[in-house]
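Structure data (PDB, C-alpha atoms, pLDDT in the B column) from my_file_30.pdb:
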ATOM      1  CA  MET A   1     -70.666 -23.129-121.717  1.00 53.00           C
ATOM      2  CA  SER A   2     -69.455 -19.938-120.041  1.00 54.00           C
ATOM      3  CA  THR A   3     -71.621 -17.931-117.632  1.00 52.00           C
ATOM      4  CA  GLU A   4     -71.401 -14.982-120.019  1.00 57.00           C
ATOM      5  CA  LYS A   5     -72.766 -17.068-122.904  1.00 53.00           C
ATOM      6  CA  ILE A   6     -75.589 -18.438-120.750  1.00 48.00           C
ATOM      7  CA  ASP A   7     -76.566 -14.909-119.713  1.00 57.00           C
ATOM      8  CA  GLU A   8     -76.446 -13.763-123.355  1.00 55.00           C
ATOM      9  CA  ILE A   9     -78.804 -16.535-124.471  1.00 53.00           C
ATOM     10  CA  GLY A  10     -81.271 -15.642-121.732  1.00 54.00           C
ATOM     11  CA  GLU A  11     -81.208 -11.893-122.287  1.00 60.00           C
ATOM     12  CA  GLU A  12     -81.518 -12.211-126.058  1.00 61.00           C
ATOM     13  CA  HIS A  13     -84.331 -14.805-125.727  1.00 56.00           C
ATOM     14  CA  ILE A  14     -82.506 -17.343-127.865  1.00 60.00           C
ATOM     15  CA  GLY A  15     -83.877 -20.874-128.141  1.00 56.00           C
ATOM     16  CA  THR A  16     -81.480 -23.787-128.465  1.00 59.00           C
ATOM     17  CA  SER A  17     -83.822 -26.396-129.958  1.00 67.00           C
ATOM     18  CA  ALA A  18     -87.116 -26.786-131.811  1.00 82.00           C
ATOM     19  CA  LYS A  19     -87.983 -29.416-129.206  1.00 92.00           C
ATOM     20  CA  THR A  20     -88.554 -28.605-125.558  1.00 95.00           C
ATOM     21  CA  PRO A  21     -85.341 -29.550-123.698  1.00 94.00           C
ATOM     22  CA  LEU A  22     -86.246 -32.469-121.431  1.00 95.00           C
ATOM     23  CA  ARG A  23     -84.088 -34.985-119.591  1.00 95.00           C
ATOM     24  CA  SER A  24     -84.596 -38.687-120.287  1.00 95.00           C
ATOM     25  CA  ASP A  25     -85.839 -39.198-116.710  1.00 96.00           C
ATOM     26  CA  ALA A  26     -88.298 -36.284-116.844  1.00 95.00           C
ATOM     27  CA  PHE A  27     -91.328 -38.444-115.987  1.00 95.00           C
ATOM     28  CA  LYS A  28     -89.914 -40.967-113.532  1.00 96.00           C
ATOM     29  CA  MET A  29     -91.455 -38.974-110.669  1.00 96.00           C
ATOM     30  CA  SER A  30     -95.221 -38.847-110.275  1.00 96.00           C
ATOM     31  CA  ASP A  31     -97.023 -35.505-110.214  1.00 97.00           C
ATOM     32  CA  THR A  32     -97.492 -35.873-106.461  1.00 97.00           C
ATOM     33  CA  GLU A  33     -93.779 -36.504-105.937  1.00 98.00           C
ATOM     34  CA  LYS A  34     -92.925 -33.480-108.069  1.00 98.00           C
ATOM     35  CA  ILE A  35     -95.320 -31.262-106.126  1.00 98.00           C
ATOM     36  CA  ASN A  36     -93.827 -32.354-102.814  1.00 98.00           C
ATOM     37  CA  ALA A  37     -90.273 -31.727-104.043  1.00 98.00           C
ATOM     38  CA  ILE A  38     -91.057 -28.358-105.609  1.00 98.00           C
ATOM     39  CA  GLU A  39     -92.918 -27.251-102.465  1.00 98.00           C
ATOM     40  CA  LYS A  40     -89.711 -27.682-100.457  1.00 98.00           C
ATOM     41  CA  ASP A  41     -87.701 -25.806-103.086  1.00 98.00           C
ATOM     42  CA  ILE A  42     -90.117 -22.869-103.182  1.00 98.00           C
ATOM     43  CA  TYR A  43     -90.056 -22.754 -99.382  1.00 98.00           C
ATOM     44  CA  LYS A  44     -86.253 -22.433 -99.525  1.00 98.00           C
ATOM     45  CA  VAL A  45     -86.437 -19.659-102.135  1.00 98.00           C
ATOM     46  CA  LEU A  46     -88.929 -17.589-100.149  1.00 98.00           C
ATOM     47  CA  HIS A  47     -87.058 -18.240 -96.902  1.00 98.00           C
ATOM     48  CA  THR A  48     -83.801 -17.101 -98.525  1.00 98.00           C
ATOM     49  CA  LEU A  49     -85.533 -13.912 -99.661  1.00 98.00           C
ATOM     50  CA  GLY A  50     -86.405 -13.219 -96.037  1.00 98.00           C
ATOM     51  CA  MET A  51     -90.118 -13.967 -96.121  1.00 98.00           C
ATOM     52  CA  ASP A  52     -91.837 -15.039 -92.904  1.00 98.00           C
ATOM     53  CA  LEU A  53     -93.430 -18.308 -93.927  1.00 97.00           C
ATOM     54  CA  THR A  54     -95.257 -18.647 -90.615  1.00 97.00           C
ATOM     55  CA  ASP A  55     -97.510 -15.757 -91.675  1.00 97.00           C
ATOM     56  CA  ASP A  56    -101.023 -16.922 -92.542  1.00 97.00           C
ATOM     57  CA  SER A  57    -100.821 -15.288 -95.970  1.00 97.00           C
ATOM     58  CA  LEU A  58     -97.597 -17.096 -96.900  1.00 97.00           C
ATOM     59  CA  LYS A  59     -97.684 -20.481 -95.192  1.00 96.00           C
ATOM     60  CA  GLY A  60     -99.624 -22.092 -98.055  1.00 97.00           C
ATOM     61  CA  THR A  61     -97.682 -20.404-100.861  1.00 98.00           C
ATOM     62  CA  PRO A  62     -95.027 -23.112-101.456  1.00 98.00           C
ATOM     63  CA  LYS A  63     -97.700 -25.770-101.930  1.00 98.00           C
ATOM     64  CA  ARG A  64     -99.837 -23.512-104.130  1.00 98.00           C
ATOM     65  CA  VAL A  65     -96.896 -22.636-106.364  1.00 98.00           C
ATOM     66  CA  ALA A  66     -95.830 -26.285-106.627  1.00 98.00           C
ATOM     67  CA  LYS A  67     -99.330 -27.396-107.617  1.00 98.00           C
ATOM     68  CA  ALA A  68     -99.623 -24.546-110.142  1.00 98.00           C
ATOM     69  CA  PHE A  69     -96.289 -25.505-111.724  1.00 98.00           C
ATOM     70  CA  VAL A  70     -97.131 -29.188-112.137  1.00 98.00           C
ATOM     71  CA  LYS A  71    -100.878 -29.100-112.762  1.00 97.00           C
ATOM     72  CA  GLU A  72    -101.352 -25.812-114.593  1.00 97.00           C
ATOM     73  CA  LEU A  73     -98.488 -23.586-115.763  1.00 98.00           C
ATOM     74  CA  PHE A  74     -96.225 -26.428-116.935  1.00 98.00           C
ATOM     75  CA  ALA A  75     -98.776 -29.199-117.476  1.00 98.00           C
ATOM     76  CA  GLY A  76     -97.847 -29.204-121.169  1.00 98.00           C
ATOM     77  CA  LEU A  77     -94.520 -30.848-120.354  1.00 97.00           C
ATOM     78  CA  ASN A  78     -96.295 -34.118-119.639  1.00 96.00           C
ATOM     79  CA  PRO A  79     -97.206 -35.991-122.848  1.00 95.00           C
ATOM     80  CA  ASP A  80    -100.107 -37.618-120.978  1.00 95.00           C
ATOM     81  CA  ASN A  81    -101.803 -34.205-121.083  1.00 96.00           C
ATOM     82  CA  LYS A  82    -101.565 -33.823-124.861  1.00 96.00           C
ATOM     83  CA  PRO A  83    -105.077 -33.446-126.302  1.00 95.00           C
ATOM     84  CA  LYS A  84    -106.338 -36.147-128.626  1.00 93.00           C
ATOM     85  CA  LEU A  85    -106.462 -34.586-132.066  1.00 90.00           C
ATOM     86  CA  SER A  86    -109.302 -36.567-133.610  1.00 89.00           C
ATOM     87  CA  THR A  87    -109.821 -35.816-137.286  1.00 93.00           C
ATOM     88  CA  PHE A  88    -112.734 -36.483-139.625  1.00 93.00           C
ATOM     89  CA  ASP A  89    -113.167 -36.939-143.343  1.00 93.00           C
ATOM     90  CA  ASN A  90    -113.832 -33.721-145.191  1.00 90.00           C
ATOM     91  CA  ASN A  91    -117.141 -35.013-146.525  1.00 90.00           C
ATOM     92  CA  TYR A  92    -118.427 -31.565-147.440  1.00 88.00           C
ATOM     93  CA  LYS A  93    -115.351 -31.029-149.639  1.00 90.00           C
ATOM     94  CA  TYR A  94    -114.478 -27.639-148.171  1.00 90.00           C
ATOM     95  CA  GLY A  95    -111.347 -26.641-150.094  1.00 90.00           C
ATOM     96  CA  GLU A  96    -110.491 -23.166-148.786  1.00 94.00           C
ATOM     97  CA  MET A  97    -108.386 -22.326-145.768  1.00 96.00           C
ATOM     98  CA  LEU A  98    -109.869 -22.477-142.295  1.00 96.00           C
ATOM     99  CA  VAL A  99    -108.629 -19.889-139.819  1.00 97.00           C
ATOM    100  CA  GLU A 100    -109.031 -19.963-136.051  1.00 97.00           C
ATOM    101  CA  LYS A 101    -107.866 -16.561-134.880  1.00 96.00           C
ATOM    102  CA  ASN A 102    -107.411 -14.797-131.534  1.00 96.00           C
ATOM    103  CA  ILE A 103    -106.667 -17.977-129.584  1.00 97.00           C
ATOM    104  CA  THR A 104    -105.549 -16.863-126.133  1.00 97.00           C
ATOM    105  CA  VAL A 105    -101.947 -17.736-125.277  1.00 98.00           C
ATOM    106  CA  TYR A 106    -100.747 -17.963-121.686  1.00 98.00           C
ATOM    107  CA  SER A 107     -97.189 -19.249-121.529  1.00 98.00           C
ATOM    108  CA  THR A 108     -94.003 -18.788-119.511  1.00 97.00           C
ATOM    109  CA  CYS A 109     -90.634 -17.533-120.723  1.00 95.00           C
ATOM    110  CA  GLU A 110     -88.068 -20.239-120.040  1.00 95.00           C
ATOM    111  CA  HIS A 111     -85.309 -17.704-119.376  1.00 94.00           C
ATOM    112  CA  HIS A 112     -86.848 -15.810-116.463  1.00 93.00           C
ATOM    113  CA  LEU A 113     -90.029 -17.823-115.733  1.00 95.00           C
ATOM    114  CA  LEU A 114     -92.199 -14.773-116.341  1.00 95.00           C
ATOM    115  CA  PRO A 115     -95.504 -14.771-118.256  1.00 95.00           C
ATOM    116  CA  ILE A 116     -95.981 -14.592-122.008  1.00 96.00           C
ATOM    117  CA  VAL A 117     -99.491 -13.386-122.865  1.00 97.00           C
ATOM    118  CA  GLY A 118    -100.942 -12.939-126.326  1.00 97.00           C
ATOM    119  CA  LYS A 119    -102.953 -14.317-129.227  1.00 98.00           C
ATOM    120  CA  ALA A 120    -102.330 -17.139-131.686  1.00 98.00           C
ATOM    121  CA  HIS A 121    -103.843 -17.354-135.167  1.00 98.00           C
ATOM    122  CA  VAL A 122    -103.854 -20.822-136.733  1.00 98.00           C
ATOM    123  CA  ALA A 123    -104.942 -21.950-140.208  1.00 98.00           C
ATOM    124  CA  TYR A 124    -104.947 -25.039-142.374  1.00 97.00           C
ATOM    125  CA  ILE A 125    -106.062 -26.168-145.818  1.00 97.00           C
ATOM    126  CA  SER A 126    -107.615 -29.618-145.795  1.00 95.00           C
ATOM    127  CA  LYS A 127    -106.154 -32.462-147.824  1.00 93.00           C
ATOM    128  CA  GLY A 128    -109.028 -34.759-146.947  1.00 94.00           C
ATOM    129  CA  LYS A 129    -109.161 -34.356-143.168  1.00 93.00           C
ATOM    130  CA  VAL A 130    -110.726 -31.743-140.904  1.00 94.00           C
ATOM    131  CA  ILE A 131    -110.321 -31.204-137.182  1.00 95.00           C
ATOM    132  CA  GLY A 132    -112.649 -29.877-134.491  1.00 93.00           C
ATOM    133  CA  LEU A 133    -112.207 -26.159-133.910  1.00 93.00           C
ATOM    134  CA  SER A 134    -111.660 -26.539-130.176  1.00 95.00           C
ATOM    135  CA  LYS A 135    -108.790 -28.954-130.853  1.00 96.00           C
ATOM    136  CA  MET A 136    -106.835 -26.094-132.401  1.00 97.00           C
ATOM    137  CA  ASN A 137    -107.287 -24.063-129.217  1.00 97.00           C
ATOM    138  CA  ARG A 138    -106.324 -27.059-127.101  1.00 97.00           C
ATOM    139  CA  ILE A 139    -103.105 -27.759-128.994  1.00 98.00           C
ATOM    140  CA  VAL A 140    -102.068 -24.110-128.598  1.00 98.00           C
ATOM    141  CA  ASP A 141    -102.799 -24.312-124.876  1.00 98.00           C
ATOM    142  CA  TYR A 142    -100.921 -27.611-124.487  1.00 98.00           C
ATOM    143  CA  TYR A 143     -97.670 -26.372-126.001  1.00 98.00           C
ATOM    144  CA  ALA A 144     -98.011 -22.994-124.265  1.00 98.00           C
ATOM    145  CA  LYS A 145     -98.145 -24.683-120.848  1.00 98.00           C
ATOM    146  CA  ARG A 146     -94.424 -25.239-120.522  1.00 98.00           C
ATOM    147  CA  PRO A 147     -91.310 -23.082-120.192  1.00 97.00           C
ATOM    148  CA  GLN A 148     -91.103 -21.690-123.707  1.00 97.00           C
ATOM    149  CA  VAL A 149     -89.611 -19.394-126.257  1.00 96.00           C
ATOM    150  CA  GLN A 150     -92.191 -17.994-128.648  1.00 96.00           C
ATOM    151  CA  GLU A 151     -90.417 -19.194-131.780  1.00 97.00           C
ATOM    152  CA  ARG A 152     -90.468 -22.789-130.563  1.00 97.00           C
ATOM    153  CA  LEU A 153     -94.099 -22.542-129.483  1.00 98.00           C
ATOM    154  CA  THR A 154     -95.095 -21.355-132.962  1.00 98.00           C
ATOM    155  CA  MET A 155     -93.239 -24.213-134.634  1.00 98.00           C
ATOM    156  CA  GLN A 156     -94.582 -26.862-132.259  1.00 98.00           C
ATOM    157  CA  ILE A 157     -98.186 -25.842-132.895  1.00 98.00           C
ATOM    158  CA  VAL A 158     -97.716 -26.114-136.655  1.00 98.00           C
ATOM    159  CA  GLN A 159     -95.843 -29.421-136.458  1.00 97.00           C
ATOM    160  CA  ALA A 160     -98.491 -30.999-134.212  1.00 97.00           C
ATOM    161  CA  LEU A 161    -101.324 -30.054-136.567  1.00 97.00           C
ATOM    162  CA  GLN A 162     -99.371 -31.141-139.642  1.00 97.00           C
ATOM    163  CA  GLU A 163     -98.870 -34.558-138.100  1.00 96.00           C
ATOM    164  CA  ALA A 164    -102.482 -34.898-136.965  1.00 95.00           C
ATOM    165  CA  MET A 165    -103.965 -33.821-140.294  1.00 94.00           C
ATOM    166  CA  ASP A 166    -101.393 -35.397-142.586  1.00 94.00           C
ATOM    167  CA  THR A 167    -100.767 -32.169-144.464  1.00 96.00           C
ATOM    168  CA  GLU A 168     -98.016 -29.577-144.668  1.00 98.00           C
ATOM    169  CA  ASP A 169    -100.573 -26.830-145.287  1.00 98.00           C
ATOM    170  CA  VAL A 170    -100.676 -25.350-141.776  1.00 98.00           C
ATOM    171  CA  ALA A 171     -99.731 -21.876-140.543  1.00 98.00           C
ATOM    172  CA  CYS A 172     -99.495 -20.072-137.228  1.00 98.00           C
ATOM    173  CA  VAL A 173     -98.840 -16.474-136.200  1.00 98.00           C
ATOM    174  CA  ILE A 174     -98.438 -15.454-132.552  1.00 98.00           C
ATOM    175  CA  ASP A 175     -98.449 -11.891-131.210  1.00 97.00           C
ATOM    176  CA  ALA A 176     -97.562 -11.774-127.522  1.00 96.00           C
ATOM    177  CA  LYS A 177     -96.189  -9.660-124.722  1.00 95.00           C
ATOM    178  CA  HIS A 178     -93.260 -10.979-122.685  1.00 93.00           C
ATOM    179  CA  LEU A 179     -93.166  -9.779-119.113  1.00 90.00           C
ATOM    180  CA  CYS A 180     -89.425 -10.454-119.011  1.00 86.00           C
ATOM    181  CA  VAL A 181     -89.242  -7.493-121.432  1.00 83.00           C
ATOM    182  CA  ASN A 182     -92.218  -5.501-120.149  1.00 83.00           C
ATOM    183  CA  SER A 183     -91.615  -5.717-116.381  1.00 85.00           C
ATOM    184  CA  ARG A 184     -87.833  -6.100-116.037  1.00 81.00           C
ATOM    185  CA  GLY A 185     -84.685  -5.303-117.982  1.00 76.00           C
ATOM    186  CA  ILE A 186     -85.603  -2.687-120.589  1.00 80.00           C
ATOM    187  CA  ARG A 187     -89.148  -2.446-119.119  1.00 80.00           C
ATOM    188  CA  ASP A 188     -90.749  -1.628-122.462  1.00 79.00           C
ATOM    189  CA  VAL A 189     -94.439  -2.022-121.655  1.00 83.00           C
ATOM    190  CA  ALA A 190     -95.650  -1.218-125.189  1.00 80.00           C
ATOM    191  CA  SER A 191     -93.735  -3.746-127.271  1.00 87.00           C
ATOM    192  CA  SER A 192     -94.932  -7.171-128.330  1.00 92.00           C
ATOM    193  CA  THR A 193     -93.307 -10.040-130.224  1.00 93.00           C
ATOM    194  CA  VAL A 194     -94.666 -11.542-133.443  1.00 96.00           C
ATOM    195  CA  THR A 195     -93.581 -14.956-134.718  1.00 97.00           C
ATOM    196  CA  SER A 196     -94.814 -17.023-137.648  1.00 98.00           C
ATOM    197  CA  GLU A 197     -94.467 -20.474-139.145  1.00 98.00           C
ATOM    198  CA  PHE A 198     -95.784 -21.232-142.642  1.00 98.00           C
ATOM    199  CA  GLY A 199     -95.963 -24.740-144.061  1.00 98.00           C
ATOM    200  CA  GLY A 200     -96.809 -26.103-147.503  1.00 98.00           C
ATOM    201  CA  LYS A 201     -99.096 -23.836-149.550  1.00 98.00           C
ATOM    202  CA  PHE A 202     -98.819 -21.100-146.929  1.00 98.00           C
ATOM    203  CA  LYS A 203     -95.302 -20.408-148.170  1.00 98.00           C
ATOM    204  CA  GLU A 204     -96.874 -19.137-151.410  1.00 98.00           C
ATOM    205  CA  GLU A 205     -97.131 -15.365-151.216  1.00 98.00           C
ATOM    206  CA  SER A 206    -100.784 -15.148-152.270  1.00 98.00           C
ATOM    207  CA  ILE A 207    -101.925 -17.799-149.743  1.00 98.00           C
ATOM    208  CA  LYS A 208     -99.806 -16.286-146.995  1.00 98.00           C
ATOM    209  CA  GLN A 209    -101.273 -12.837-147.679  1.00 98.00           C
ATOM    210  CA  GLU A 210    -104.817 -14.211-147.641  1.00 97.00           C
ATOM    211  CA  PHE A 211    -104.161 -15.702-144.199  1.00 98.00           C
ATOM    212  CA  LEU A 212    -102.695 -12.438-142.906  1.00 97.00           C
ATOM    213  CA  ASN A 213    -105.696 -10.539-144.257  1.00 97.00           C
ATOM    214  CA  TYR A 214    -108.067 -12.833-142.348  1.00 96.00           C
ATOM    215  CA  ILE A 215    -106.117 -12.166-139.155  1.00 95.00           C
ATOM    216  CA  GLN A 216    -106.549  -8.420-139.571  1.00 93.00           C
ATOM    217  CA  MET A 217    -110.256  -8.700-140.369  1.00 88.00           C
ATOM    218  CA  GLN A 218    -112.445  -7.095-137.708  1.00 81.00           C
ATOM    219  CA  THR A 219    -115.440  -9.012-136.413  1.00 74.00           C
ATOM    220  CA  GLU A 220    -118.494  -7.787-134.533  1.00 66.00           C
ATOM    221  CA  PHE A 221    -117.209  -9.549-131.413  1.00 64.00           C
ATOM    222  CA  GLU A 222    -113.993  -7.543-131.215  1.00 58.00           C
TER     223      GLU A 222
END

Please rewrite the model in this file as structure tokens.
Amino acid sequence: MSTEKIDEIGEEHIGTSAKTPLRSDAFKMSDTEKINAIEKDIYKVLHTLGMDLTDDSLKGTPKRVAKAFVKELFAGLNPDNKPKLSTFDNNYKYGEMLVEKNITVYSTCEHHLLPIVGKAHVAYISKGKVIGLSKMNRIVDYYAKRPQVQERLTMQIVQALQEAMDTEDVACVIDAKHLCVNSRGIRDVASSTVTSEFGGKFKEESIKQEFLNYIQMQTEFE
């Protein structure tokens, strides 16, 4: 692929796959080995930029960044960190949609490694199974903690919940700011990006509109 095409994909925030691109040997190194390797790489980057890494403020930065990459910002790359999505029988026979809205999203744009910050709204209609509310937050957080494009993140959240709950009736809308747009390039600080994925009954216009109405509903906590 030409350099021009690579630059175009990055600037236009185009994703190349619904799955996170990972090499087959992605997990041959332990977290400790990855941290040690990344620490050296970050040192080289900062050194190349001209930073004095003997300064007390900077000498610990390579290690801190390496640990943050492996243990926090990109912890969602490791399948061992995927939350267990325990489900339960819908014994109370609740048949309407359940919406968990305003789930905080902290992710990282895979094109410039700058933050994506926003809110996710997730809903499902039970076909016999229900899931703990916090599990919906955790699955959003898990897939957000990796280099991402927002479209893929939205799809991955829906697909994970569909698999866990054995139903197609799952939906997700994400509204987020991308600092690769807000702080560089066009530097449009006001714009945000909205993506959606609707499965099963949520493709029906009336169900979709009901979900969108719930999202817009104001609560006393807002």

Using only C-alpha atoms, which residue out of A:Val117, A:Gln216, A:Glu205, A:Val158 lies closest to A:Ala176?
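Closest to A:Ala176, using only C-alpha atoms: A:Val117.
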
The PyMOL selection byres ((chain A and resi 89-99) around 8) resolved against shown file, as a list in words:
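What the PyMOL selection byres ((chain A and resi 89-99) around 8) grabs from the file is Thr87, Phe88, Glu100, Lys101, His121, Val122, Ala123, Tyr124, Ile125, Ser126, Gly128, Lys129, Val130, Phe211 and Tyr214 of chain A.
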
Contacts of stretch 69-81 of chain A at 8 Å (only C-alpha atoms; same-chain gap of 3+ positions) as a list in words
Phe27, Asp31, Lys34, Ile35, Val65, Ala66, Ser107, Thr108, Asp141, Tyr142, Tyr143, Ala144, Lys145, Arg146 and Pro147 of chain A

Counting all atoms listed in the file, find the residues whose atoms lie at most 12 Å from (-95.0, -17.4, -97.0) (file coordinates) and write them out as a compact mmCIF listing (two decimals) with C-alpha atoms, keeping the file's coordinate frame.
# COMPACT_ATOMS: atom_id res chain seq x y z
CA GLU A 39 -92.92 -27.25 -102.46
CA ILE A 42 -90.12 -22.87 -103.18
CA TYR A 43 -90.06 -22.75 -99.38
CA LYS A 44 -86.25 -22.43 -99.52
CA VAL A 45 -86.44 -19.66 -102.14
CA LEU A 46 -88.93 -17.59 -100.15
CA HIS A 47 -87.06 -18.24 -96.90
CA THR A 48 -83.80 -17.10 -98.52
CA LEU A 49 -85.53 -13.91 -99.66
CA GLY A 50 -86.40 -13.22 -96.04
CA MET A 51 -90.12 -13.97 -96.12
CA ASP A 52 -91.84 -15.04 -92.90
CA LEU A 53 -93.43 -18.31 -93.93
CA THR A 54 -95.26 -18.65 -90.62
CA ASP A 55 -97.51 -15.76 -91.68
CA ASP A 56 -101.02 -16.92 -92.54
CA SER A 57 -100.82 -15.29 -95.97
CA LEU A 58 -97.60 -17.10 -96.90
CA LYS A 59 -97.68 -20.48 -95.19
CA GLY A 60 -99.62 -22.09 -98.06
CA THR A 61 -97.68 -20.40 -100.86
CA PRO A 62 -95.03 -23.11 -101.46
CA LYS A 63 -97.70 -25.77 -101.93
CA ARG A 64 -99.84 -23.51 -104.13
CA VAL A 65 -96.90 -22.64 -106.36

Need to verify the contact set: A:Asp175, 8 Å, all atoms listed in the file, exclusion of same-chain residues closer than 2 positions in sequence. Can you return it as a list in words?
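Close residues of A:Asp175: Gly118, Lys119, Ala120, Val173, Lys177, Ser192, Thr193, Val194 and Thr195 of chain A.
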
Which residues are close to A:Ser183, i.e. within 12 Å by all atoms listed in the file, leaving aside same-chain residues fewer than 5 positions away? Reply as a PDB file with C-alpha atoms, in the coordinates of the input.
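And here's out28.pdb as it stands now:
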ATOM      1  CA  HIS A 112     -86.848 -15.810-116.463  1.00 93.00           C
ATOM      2  CA  LEU A 114     -92.199 -14.773-116.341  1.00 95.00           C
ATOM      3  CA  PRO A 115     -95.504 -14.771-118.256  1.00 95.00           C
ATOM      4  CA  ILE A 116     -95.981 -14.592-122.008  1.00 96.00           C
ATOM      5  CA  LYS A 177     -96.189  -9.660-124.722  1.00 95.00           C
ATOM      6  CA  HIS A 178     -93.260 -10.979-122.685  1.00 93.00           C
ATOM      7  CA  ASP A 188     -90.749  -1.628-122.462  1.00 79.00           C
ATOM      8  CA  VAL A 189     -94.439  -2.022-121.655  1.00 83.00           C
ATOM      9  CA  ALA A 190     -95.650  -1.218-125.189  1.00 80.00           C
ATOM     10  CA  SER A 191     -93.735  -3.746-127.271  1.00 87.00           C
TER      11      SER A 191
END

Where atoms are absent from stretch 99-116 of chain A, fill them in so it carries N, CA and C atoms, then output it as a JSON list (two decimals), in the coordinates of the input.
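Here's the written file part_9.json:
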[["chain", "number", "residue", "atom", "x", "y", "z"],
["A", 99, "VAL", "N", -109.44, -20.69, -140.74],
["A", 99, "VAL", "CA", -108.63, -19.89, -139.82],
["A", 99, "VAL", "C", -109.31, -19.82, -138.46],
["A", 100, "GLU", "N", -108.59, -20.16, -137.44],
["A", 100, "GLU", "CA", -109.03, -19.96, -136.05],
["A", 100, "GLU", "C", -108.14, -18.86, -135.48],
["A", 101, "LYS", "N", -108.71, -17.68, -135.30],
["A", 101, "LYS", "CA", -107.87, -16.56, -134.88],
["A", 101, "LYS", "C", -108.19, -16.14, -133.45],
["A", 102, "ASN", "N", -107.27, -15.35, -132.89],
["A", 102, "ASN", "CA", -107.41, -14.80, -131.53],
["A", 102, "ASN", "C", -107.52, -15.88, -130.46],
["A", 103, "ILE", "N", -106.75, -16.95, -130.63],
["A", 103, "ILE", "CA", -106.67, -17.98, -129.58],
["A", 103, "ILE", "C", -105.78, -17.43, -128.46],
["A", 104, "THR", "N", -106.30, -17.42, -127.25],
["A", 104, "THR", "CA", -105.55, -16.86, -126.13],
["A", 104, "THR", "C", -104.34, -17.72, -125.81],
["A", 105, "VAL", "N", -103.20, -17.07, -125.64],
["A", 105, "VAL", "CA", -101.95, -17.74, -125.28],
["A", 105, "VAL", "C", -101.51, -17.26, -123.89],
["A", 106, "TYR", "N", -101.39, -18.21, -122.98],
["A", 106, "TYR", "CA", -100.75, -17.96, -121.69],
["A", 106, "TYR", "C", -99.57, -18.93, -121.60],
["A", 107, "SER", "N", -98.37, -18.40, -121.61],
["A", 107, "SER", "CA", -97.19, -19.25, -121.53],
["A", 107, "SER", "C", -96.20, -18.63, -120.54],
["A", 108, "THR", "N", -95.02, -19.24, -120.46],
["A", 108, "THR", "CA", -94.00, -18.79, -119.51],
["A", 108, "THR", "C", -92.64, -18.79, -120.19],
["A", 109, "CYS", "N", -91.97, -17.65, -120.14],
["A", 109, "CYS", "CA", -90.63, -17.53, -120.72],
["A", 109, "CYS", "C", -89.67, -18.44, -119.97],
["A", 110, "GLU", "N", -88.94, -19.28, -120.70],
["A", 110, "GLU", "CA", -88.07, -20.24, -120.04],
["A", 110, "GLU", "C", -86.78, -19.61, -119.51],
["A", 111, "HIS", "N", -86.54, -18.35, -119.84],
["A", 111, "HIS", "CA", -85.31, -17.70, -119.38],
["A", 111, "HIS", "C", -85.46, -17.03, -118.02],
["A", 112, "HIS", "N", -86.63, -16.49, -117.74],
["A", 112, "HIS", "CA", -86.85, -15.81, -116.46],
["A", 112, "HIS", "C", -88.09, -16.30, -115.73],
["A", 113, "LEU", "N", -88.79, -17.27, -116.31],
["A", 113, "LEU", "CA", -90.03, -17.82, -115.73],
["A", 113, "LEU", "C", -91.05, -16.72, -115.44],
["A", 114, "LEU", "N", -91.19, -15.82, -116.41],
["A", 114, "LEU", "CA", -92.20, -14.77, -116.34],
["A", 114, "LEU", "C", -93.21, -15.00, -117.46],
["A", 115, "PRO", "N", -94.43, -14.46, -117.30],
["A", 115, "PRO", "CA", -95.50, -14.77, -118.26],
["A", 115, "PRO", "C", -95.28, -14.25, -119.67],
["A", 116, "ILE", "N", -95.80, -15.01, -120.62],
["A", 116, "ILE", "CA", -95.98, -14.59, -122.01],
["A", 116, "ILE", "C", -97.49, -14.62, -122.25]]
